[in-house]
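Student: Dropping in run_5.cif, with mmCIF, C-alpha atoms.
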```
data_query
loop_
_atom_site.label_atom_id
_atom_site.label_comp_id
_atom_site.auth_asym_id
_atom_site.auth_seq_id
_atom_site.Cartn_x
_atom_site.Cartn_y
_atom_site.Cartn_z
CA MET A 106 13.30 -2.69 -1.77
CA SER A 107 12.68 -1.40 1.74
CA VAL A 108 9.70 0.53 3.03
CA THR A 109 9.67 4.30 2.63
CA SER A 110 10.94 6.60 5.36
CA ARG A 111 7.45 8.13 5.55
CA TYR A 112 5.90 4.75 6.34
CA ARG A 113 8.57 3.85 8.89
CA GLU A 114 8.20 7.19 10.66
CA ALA A 115 4.40 6.87 10.70
CA TRP A 116 4.75 3.68 12.72
CA GLU A 117 7.45 5.11 14.95
CA GLY A 118 5.20 8.06 15.71
CA PHE A 119 2.23 5.81 16.38
CA TRP A 120 4.11 3.56 18.79
CA ARG A 121 5.92 6.41 20.55
CA GLU A 122 2.51 7.88 21.33
CA ALA A 123 0.77 4.58 22.22
CA PRO A 124 0.00 3.90 25.90
CA GLU A 125 1.82 1.02 27.59
CA GLU A 126 -1.15 -0.87 28.99
CA GLN A 127 -2.48 -3.89 27.14
CA GLY A 128 -5.69 -3.19 25.25
CA ALA A 129 -4.99 0.51 24.74
CA VAL A 130 -4.26 -0.01 21.02
CA PHE A 131 -7.15 -0.62 18.62
CA TRP A 132 -6.13 -4.15 17.52
CA ASP A 133 -4.49 -5.24 20.79
CA ALA A 134 -7.25 -7.65 21.80
CA GLU A 135 -6.64 -10.39 24.32
CA PRO A 136 -4.91 -13.45 22.80
CA ALA A 137 -7.83 -15.77 23.55
CA LEU A 138 -9.79 -13.80 20.93
CA THR A 139 -6.93 -13.39 18.45
CA ALA A 140 -3.80 -15.57 18.34
CA GLY A 141 -5.57 -18.33 20.27
CA ARG A 142 -8.25 -18.66 17.61
CA HIS A 143 -5.66 -18.40 14.88
CA LEU A 144 -3.45 -21.15 16.32
CA ALA A 145 -6.36 -23.58 16.26
CA LEU A 146 -6.48 -23.02 12.49
CA PHE A 147 -2.70 -22.88 11.98
CA GLU A 148 -1.31 -25.77 14.02
CA PRO A 149 -2.74 -28.61 11.86
CA TYR A 150 -0.68 -27.26 8.94
CA LEU A 151 2.66 -26.92 10.72
CA ALA A 152 5.08 -29.29 9.02
CA ASP A 153 7.58 -28.77 11.86
CA ALA A 154 6.31 -27.15 15.06
CA GLY A 155 9.88 -27.15 16.37
CA LEU A 156 10.99 -24.41 13.99
CA PRO A 157 11.35 -20.90 15.41
CA MET A 158 8.05 -19.01 15.40
CA VAL A 159 8.35 -15.43 14.14
CA ASP A 160 5.60 -12.96 15.02
CA LEU A 161 6.08 -10.68 12.03
CA GLY A 162 4.81 -7.20 12.85
CA CYS A 163 4.69 -8.01 16.55
CA GLY A 164 3.89 -4.49 17.72
CA ASN A 165 3.80 -4.32 21.50
CA GLY A 166 4.12 -8.10 21.79
CA THR A 167 0.79 -9.14 23.32
CA GLN A 168 0.30 -11.98 20.86
CA THR A 169 4.04 -12.74 20.82
CA ARG A 170 4.08 -13.57 24.51
CA PHE A 171 1.08 -15.84 24.00
CA LEU A 172 2.99 -17.67 21.26
CA ALA A 173 6.02 -17.96 23.55
CA ASP A 174 3.94 -19.93 26.03
CA ARG A 175 3.33 -22.53 23.30
CA PHE A 176 6.48 -22.71 21.20
CA GLY A 177 10.08 -23.28 22.18
CA ARG A 178 11.67 -20.35 20.36
CA VAL A 179 9.72 -17.23 19.48
CA VAL A 180 11.01 -14.07 17.81
CA GLY A 181 9.06 -10.83 17.76
CA ALA A 182 9.98 -8.79 14.69
CA ASP A 183 8.80 -5.30 13.86
CA LEU A 184 9.67 -2.34 11.69
CA SER A 185 9.29 0.05 14.63
CA ALA A 186 11.90 0.41 17.34
CA ALA A 187 9.30 2.11 19.55
CA ALA A 188 7.00 -0.91 19.21
CA LEU A 189 9.82 -3.21 20.27
CA ASP A 190 10.48 -0.99 23.29
CA HIS A 191 6.87 -1.59 24.34
CA ALA A 192 7.22 -5.33 23.71
CA ARG A 193 10.44 -5.71 25.69
CA HIS A 194 9.05 -3.68 28.59
CA ALA A 195 5.96 -5.90 28.80
CA ASP A 196 7.97 -9.13 28.48
CA THR A 197 9.04 -9.24 32.09
CA ALA A 198 9.83 -12.96 31.89
CA GLY A 199 12.18 -12.45 28.95
CA GLN A 200 10.42 -15.15 26.92
CA VAL A 201 10.94 -13.63 23.48
CA ALA A 202 13.87 -12.53 21.32
CA TYR A 203 13.16 -9.26 19.47
CA ARG A 204 14.47 -8.08 16.14
CA LEU A 205 14.10 -4.75 14.33
CA LEU A 206 13.17 -5.91 10.84
CA ASP A 207 12.00 -4.48 7.56
CA ALA A 208 10.84 -7.73 5.99
CA ALA A 209 10.32 -5.97 2.66
CA ASP A 210 14.09 -5.46 2.50
CA LYS A 211 15.59 -8.56 0.89
CA THR A 212 18.92 -8.16 2.66
CA GLU A 213 17.30 -7.95 6.10
CA ALA A 214 15.07 -10.97 5.43
CA GLU A 215 18.06 -12.97 4.22
CA ALA A 216 20.05 -12.02 7.32
CA LEU A 217 17.30 -13.15 9.69
CA HIS A 218 16.88 -16.42 7.78
CA ALA A 219 20.62 -16.98 8.01
CA GLU A 220 20.34 -16.53 11.78
CA LEU A 221 17.22 -18.62 12.42
CA GLY A 222 17.07 -21.07 9.54
CA ASP A 223 13.60 -21.93 8.26
CA ALA A 224 10.87 -20.49 10.48
CA ASN A 225 7.13 -20.58 10.98
CA ILE A 226 5.48 -17.17 10.81
CA TYR A 227 2.45 -15.58 12.43
CA MET A 228 1.42 -12.32 10.77
CA ARG A 229 -1.74 -10.46 11.73
CA GLY A 230 -2.87 -7.33 9.98
CA VAL A 231 0.42 -6.29 8.39
CA LEU A 232 0.03 -6.52 4.63
CA HIS A 233 -3.15 -4.44 4.49
CA GLN A 234 -1.30 -1.56 6.14
CA CYS A 235 1.62 -1.61 3.69
CA GLU A 236 2.18 0.92 0.98
CA PRO A 237 1.34 -0.65 -2.39
CA ASP A 238 4.92 -0.90 -3.65
CA SER A 239 5.99 -2.73 -0.50
CA ARG A 240 3.40 -5.51 -0.59
CA GLN A 241 5.10 -7.87 -3.00
CA PRO A 242 8.55 -7.33 -1.45
CA LEU A 243 6.99 -8.13 1.94
CA ALA A 244 5.49 -11.36 0.56
CA ASP A 245 8.91 -12.18 -0.90
CA GLY A 246 10.52 -11.56 2.49
CA LEU A 247 7.94 -13.81 4.09
CA ALA A 248 8.89 -16.58 1.67
CA MET A 249 12.57 -16.06 2.43
CA LEU A 250 11.96 -16.47 6.17
CA LEU A 251 9.84 -19.60 5.67
CA GLY A 252 12.45 -21.35 3.57
CA GLU A 253 11.49 -24.85 2.53
CA ARG A 254 9.90 -26.16 5.74
CA GLY A 255 8.18 -23.17 7.33
CA ARG A 256 4.49 -22.35 7.30
CA ALA A 257 2.86 -18.95 7.61
CA PHE A 258 -0.46 -17.88 9.06
CA LEU A 259 -1.70 -14.53 7.80
CA CYS A 260 -4.82 -12.69 8.92
CA GLU A 261 -5.67 -9.59 6.90
CA LEU A 262 -8.63 -7.25 6.73
CA SER A 263 -11.07 -7.98 3.92
CA GLU A 264 -12.09 -5.32 1.42
CA SER A 265 -15.41 -5.15 3.23
CA ALA A 266 -13.64 -3.88 6.36
CA LYS A 267 -12.81 -0.55 4.74
CA PRO A 268 -16.38 0.83 4.65
CA VAL A 269 -16.77 -0.24 8.29
CA LEU A 270 -13.63 1.68 9.24
CA MET A 271 -14.61 4.68 7.16
CA GLY A 272 -18.03 4.73 8.77
CA LEU A 273 -16.41 4.77 12.20
CA ALA A 274 -13.92 7.45 11.18
CA GLN A 275 -16.58 9.71 9.68
CA SER A 276 -19.21 9.39 12.37
CA THR A 277 -20.65 12.62 13.71
CA ALA A 278 -18.94 11.99 17.04
CA GLY A 279 -15.60 11.43 15.31
CA PRO A 280 -13.63 8.18 15.22
CA PRO A 281 -13.48 6.06 18.38
CA PRO A 282 -10.54 7.08 20.61
CA LYS A 283 -8.44 4.02 19.82
CA LEU A 284 -9.01 4.29 16.07
CA ALA A 285 -8.24 7.99 15.77
CA PRO A 286 -4.42 7.67 16.17
CA ILE A 287 -4.23 5.26 13.23
CA PHE A 288 -5.66 7.85 10.87
CA ARG A 289 -3.81 10.72 12.53
CA HIS A 290 -0.48 9.07 11.77
CA GLY A 291 -1.38 8.53 8.13
CA LEU A 292 -1.82 4.77 8.33
CA ALA A 293 -4.33 3.27 5.92
CA PRO A 294 -5.98 0.02 7.04
CA GLY A 295 -8.01 -2.13 4.70
CA GLU A 296 -6.32 -1.17 1.44
CA VAL A 297 -5.51 -4.62 -0.03
CA PRO A 298 -8.02 -6.10 -2.51
CA ASP A 299 -9.08 -9.60 -1.49
CA ALA A 300 -7.97 -11.09 -4.81
CA SER A 301 -4.44 -9.73 -4.49
CA MET A 302 -3.56 -11.60 -1.31
CA PRO A 303 -3.16 -15.05 -2.90
CA GLU A 304 -1.56 -13.38 -5.93
CA HIS A 305 1.18 -11.88 -3.75
CA LEU A 306 1.78 -15.25 -2.09
CA HIS A 307 1.89 -17.15 -5.38
CA ALA A 308 4.28 -14.59 -6.88
CA ALA A 309 6.58 -15.20 -3.90
CA GLY A 310 6.64 -18.93 -4.65
CA LEU A 311 4.18 -19.88 -1.92
CA ALA A 312 1.08 -22.03 -2.09
CA VAL A 313 -2.10 -21.26 -0.16
CA LEU A 314 -2.71 -24.40 1.89
CA ALA A 315 -5.91 -23.21 3.57
CA THR A 316 -8.03 -20.09 3.77
CA GLY A 317 -11.19 -18.89 5.45
CA GLU A 318 -12.93 -15.96 7.10
CA LEU A 319 -12.74 -14.90 10.73
CA PRO A 320 -13.51 -11.43 12.11
CA LEU A 321 -10.60 -9.48 13.52
CA THR A 322 -11.49 -8.61 17.09
CA THR A 323 -10.53 -5.12 18.28
CA THR A 324 -10.41 -3.50 21.71
CA GLU A 325 -12.88 -0.77 20.78
CA TYR A 326 -16.65 -0.64 21.25
CA THR A 327 -19.52 1.15 19.59
CA SER A 328 -21.67 3.59 21.52
CA ASP A 329 -24.11 0.78 22.38
CA GLY A 330 -21.34 -1.32 23.95
CA THR A 331 -20.83 -3.76 21.07
CA ARG A 332 -17.23 -4.78 20.52
CA ILE A 333 -16.03 -3.79 17.05
CA GLU A 334 -15.04 -6.72 14.83
CA LEU A 335 -13.68 -6.23 11.32
CA PRO A 336 -14.26 -8.64 8.41
CA SER A 337 -11.03 -10.50 7.75
CA LYS A 338 -9.60 -13.39 5.81
CA TRP A 339 -6.94 -15.83 6.95
CA TYR A 340 -4.46 -17.85 4.95
CA VAL A 341 -2.00 -20.63 5.67
CA ALA A 342 0.86 -20.64 3.19
CA GLY A 343 4.00 -22.66 2.56
CA ARG A 344 6.55 -23.29 -0.13
CA ALA A 345 4.91 -24.37 -3.38
CA ALA A 346 5.80 -27.90 -4.46
#
```
Render the structure in this file as structure tokens.
Tutor:
Amino acid sequence: MSVTSRYREAWEGFWREAPEEQGAVFWDAEPALTAGRHLALFEPYLADAGLPMVDLGCGNGTQTRFLADRFGRVVGADLSAAALDHARHADTAGQVAYRLLDAADKTEAEALHAELGDANIYMRGVLHQCEPDSRQPLADGLAMLLGERGRAFLCELSESAKPVLMGLAQSTAGPPPKLAPIFRHGLAPGEVPDASMPEHLHAAGLAVLATGELPLTTTEYTSDGTRIELPSKWYVAGRAA
């Protein structure tokens, strides 16, 4: 199955409205605090670092360009054409290939795997935003893209992030400026129960090779100047033996 038109349009609306400059989006933190930390955890588990690296849910491509400095072939894939417009515009060196992709659609995942072969995947904060019926199809699409040799790194908000987000959204001053558009466009972060993450991966035929906790750094700050970090879990997954 593919994602719903409502969900696709929510992301199109969000990215059409988003400013161009890096750091203007809530989760668009500098790579040294995001993908850089994640790669230190991911790289020891790469069975073949020469495989294409797919940034699945690449958004405006900040982390994708960081990955392209470190891997030979990097593909930024996203559901939103508007997000890819941002990513291409920022990629002045033309380091990355971009693909419009609904990874929850089996046919689209199969087509990209046919093009790339087995791939490694970096996915940050995608599954927790999905509508419930799309989560398992997305995990299945992830498995299709990995094939037999690929490895995936996933970082997703923990259940405990939701009360933090709700507290920010419901503060007397209103949600922080960079968080407000997420709620305004009907996107729902922090909706995946912690226990369901490995269940989705296992159901897709993947094994969890490593897991841990690492806060997701945002670009927003509290009124006292503290950078907002959200409780998150990370997973490395690959084809089950």
Student: Can you spell out as number ranges by chain the set of residues that the PyMOL selection byres ((chain A and resi 131) around 10) selects in the structure I just provided?
Tutor: A: 128-130, 132-134, 281-287, 322-326, 333
Student: How would you write, as a PyMOL selection string, the residues chosen by the PyMOL selection byres ((chain A and resi 262) around 9) on this structure?
Tutor: chain A and resi 230+232-233+260-261+263-267+294-297+299+320-321+335-339
Student: Considering all atoms listed in the file, can you say which of A:Ala123, A:Leu156, A:Leu184, A:Leu250 comes closest to Arg344 (chain A)?
Tutor: A:Leu250
Student: Each side padded by 3 Å, which centre and which edge lengths in Å (one decimal) define the axis-aligned box around the listed atoms of region 220-226 of chain A? Give them as lines of an AutoDock Vina configuration file.
Tutor:
```
center_x = 12.9
center_y = -19.2
center_z = 10.3
size_x = 20.9
size_y = 11.4
size_z = 10.2
```
Student: Using the chain letters and numbers from the file, which residues does the PyMOL selection byres ((chain A and resi 203) around 6) grab, as an MDAnalysis selection string?
Tutor: chainID A and resid 180:182 202 204
Student: Rank nothing, just name the residue among A:Glu318, A:Thr167, A:Gly272, A:Leu189 nearest to Leu146 (chain A), using only C-alpha atoms.
Tutor: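 Among A:Glu318, A:Thr167, A:Gly272, A:Leu189, it is A:Glu318 that comes nearest to Leu146 (chain A).
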Student: Rank nothing, just name the residue among A:Ser328, A:Gln200, A:Thr139, A:Thr316 nearest to Gly279 (chain A), using all atoms listed in the file.
Tutor: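 Looking at the shortest contact to Gly279 (chain A), the residue is A:Ser328.
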Student: Using CA of Glu236 (chain A) and CA of Asp160 (chain A) as the two end points, give the distance in Å to one decimal.
Tutor: 20.0 Å
Student: Take the structure in the block and write a file for region 256-290 of chain A, N, CA, C and O atoms, as a tab-separated table (two decimals), in the first residue's frame.
Tutor:
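Contents of selection_9.tsv, freshly written:
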```
chain	number	residue	atom	x	y	z
A	256	ARG	N	22.55	-2.58	5.21
A	256	ARG	CA	22.29	-2.33	6.62
A	256	ARG	C	21.55	-1.00	6.74
A	256	ARG	O	21.78	-0.08	5.95
A	257	ALA	N	20.71	-0.92	7.75
A	257	ALA	CA	19.94	0.31	7.97
A	257	ALA	C	20.23	0.87	9.35
A	257	ALA	O	20.36	0.12	10.32
A	258	PHE	N	20.31	2.18	9.42
A	258	PHE	CA	20.36	2.89	10.70
A	258	PHE	C	19.08	3.71	10.80
A	258	PHE	O	18.77	4.53	9.93
A	259	LEU	N	18.33	3.48	11.87
A	259	LEU	CA	17.09	4.20	12.12
A	259	LEU	C	17.19	4.91	13.45
A	259	LEU	O	17.63	4.33	14.44
A	260	CYS	N	16.79	6.16	13.48
A	260	CYS	CA	16.68	6.92	14.72
A	260	CYS	C	15.25	7.43	14.80
A	260	CYS	O	14.79	8.15	13.90
A	261	GLU	N	14.53	7.03	15.85
A	261	GLU	CA	13.12	7.39	15.99
A	261	GLU	C	12.84	7.91	17.39
A	261	GLU	O	13.46	7.46	18.37
A	262	LEU	N	11.91	8.84	17.48
A	262	LEU	CA	11.54	9.38	18.79
A	262	LEU	C	11.01	8.27	19.69
A	262	LEU	O	10.26	7.40	19.25
A	263	SER	N	11.40	8.31	20.95
A	263	SER	CA	10.86	7.40	21.94
A	263	SER	C	9.45	7.84	22.34
A	263	SER	O	9.05	8.99	22.12
A	264	GLU	N	8.73	6.92	22.98
A	264	GLU	CA	7.42	7.28	23.53
A	264	GLU	C	7.52	8.48	24.46
A	264	GLU	O	6.63	9.33	24.51
A	265	SER	N	8.61	8.55	25.20
A	265	SER	CA	8.77	9.62	26.19
A	265	SER	C	8.97	10.99	25.56
A	265	SER	O	8.96	12.00	26.26
A	266	ALA	N	9.16	11.03	24.23
A	266	ALA	CA	9.28	12.33	23.56
A	266	ALA	C	7.93	13.01	23.42
A	266	ALA	O	7.86	14.24	23.36
A	267	LYS	N	6.86	12.22	23.35
A	267	LYS	CA	5.55	12.82	23.09
A	267	LYS	C	5.13	13.81	24.18
A	267	LYS	O	4.70	14.93	23.86
A	268	PRO	N	5.26	13.46	25.49
A	268	PRO	CA	4.88	14.46	26.49
A	268	PRO	C	5.76	15.71	26.45
A	268	PRO	O	5.29	16.81	26.77
A	269	VAL	N	7.01	15.56	26.03
A	269	VAL	CA	7.87	16.74	25.87
A	269	VAL	C	7.32	17.64	24.78
A	269	VAL	O	7.18	18.86	24.94
A	270	LEU	N	6.97	17.03	23.63
A	270	LEU	CA	6.43	17.80	22.52
A	270	LEU	C	5.10	18.44	22.87
A	270	LEU	O	4.83	19.59	22.53
A	271	MET	N	4.25	17.67	23.56
A	271	MET	CA	2.95	18.21	23.93
A	271	MET	C	3.09	19.36	24.92
A	271	MET	O	2.35	20.35	24.86
A	272	GLY	N	4.05	19.24	25.81
A	272	GLY	CA	4.30	20.33	26.75
A	272	GLY	C	4.73	21.60	26.04
A	272	GLY	O	4.29	22.70	26.39
A	273	LEU	N	5.58	21.44	25.01
A	273	LEU	CA	6.00	22.59	24.23
A	273	LEU	C	4.83	23.18	23.44
A	273	LEU	O	4.65	24.40	23.37
A	274	ALA	N	4.02	22.29	22.87
A	274	ALA	CA	2.91	22.75	22.03
A	274	ALA	C	1.85	23.47	22.84
A	274	ALA	O	1.17	24.38	22.34
A	275	GLN	N	1.68	23.06	24.10
A	275	GLN	CA	0.59	23.59	24.91
A	275	GLN	C	1.05	24.64	25.92
A	275	GLN	O	0.29	25.01	26.81
A	276	SER	N	2.26	25.12	25.76
A	276	SER	CA	2.75	26.13	26.69
A	276	SER	C	1.92	27.41	26.54
A	276	SER	O	1.30	27.65	25.50
A	277	THR	N	1.91	28.21	27.58
A	277	THR	CA	1.09	29.43	27.56
A	277	THR	C	1.51	30.38	26.45
A	277	THR	O	0.69	31.14	25.93
A	278	ALA	N	2.77	30.33	26.07
A	278	ALA	CA	3.27	31.19	25.00
A	278	ALA	C	3.03	30.60	23.62
A	278	ALA	O	3.34	31.21	22.61
A	279	GLY	N	2.47	29.37	23.58
A	279	GLY	CA	2.28	28.69	22.31
A	279	GLY	C	3.51	27.90	21.94
A	279	GLY	O	4.58	28.04	22.57
A	280	PRO	N	3.43	27.04	20.95
A	280	PRO	CA	4.59	26.22	20.57
A	280	PRO	C	5.73	27.08	20.04
A	280	PRO	O	5.48	28.16	19.48
A	281	PRO	N	6.96	26.64	20.20
A	281	PRO	CA	8.09	27.37	19.62
A	281	PRO	C	7.88	27.55	18.11
A	281	PRO	O	7.24	26.71	17.47
A	282	PRO	N	8.41	28.63	17.54
A	282	PRO	CA	8.14	28.95	16.14
A	282	PRO	C	8.45	27.83	15.15
A	282	PRO	O	7.74	27.67	14.16
A	283	LYS	N	9.51	27.07	15.41
A	283	LYS	CA	9.87	26.02	14.46
A	283	LYS	C	9.06	24.74	14.66
A	283	LYS	O	9.04	23.88	13.77
A	284	LEU	N	8.42	24.61	15.80
A	284	LEU	CA	7.59	23.44	16.06
A	284	LEU	C	6.17	23.66	15.56
A	284	LEU	O	5.50	22.71	15.12
A	285	ALA	N	5.72	24.88	15.60
A	285	ALA	CA	4.32	25.18	15.26
A	285	ALA	C	3.91	24.67	13.88
A	285	ALA	O	2.81	24.12	13.74
A	286	PRO	N	4.74	24.81	12.82
A	286	PRO	CA	4.29	24.34	11.50
A	286	PRO	C	4.03	22.84	11.44
A	286	PRO	O	3.19	22.39	10.64
A	287	ILE	N	4.73	22.07	12.25
A	287	ILE	CA	4.53	20.62	12.24
A	287	ILE	C	3.10	20.30	12.65
A	287	ILE	O	2.41	19.51	11.99
A	288	PHE	N	2.65	20.91	13.73
A	288	PHE	CA	1.28	20.67	14.19
A	288	PHE	C	0.26	21.32	13.25
A	288	PHE	O	-0.81	20.77	13.02
A	289	ARG	N	0.60	22.48	12.71
A	289	ARG	CA	-0.34	23.18	11.83
A	289	ARG	C	-0.65	22.36	10.58
A	289	ARG	O	-1.77	22.42	10.05
A	290	HIS	N	0.31	21.60	10.12
A	290	HIS	CA	0.10	20.79	8.91
A	290	HIS	C	-0.42	19.39	9.23
A	290	HIS	O	-0.50	18.54	8.34
```
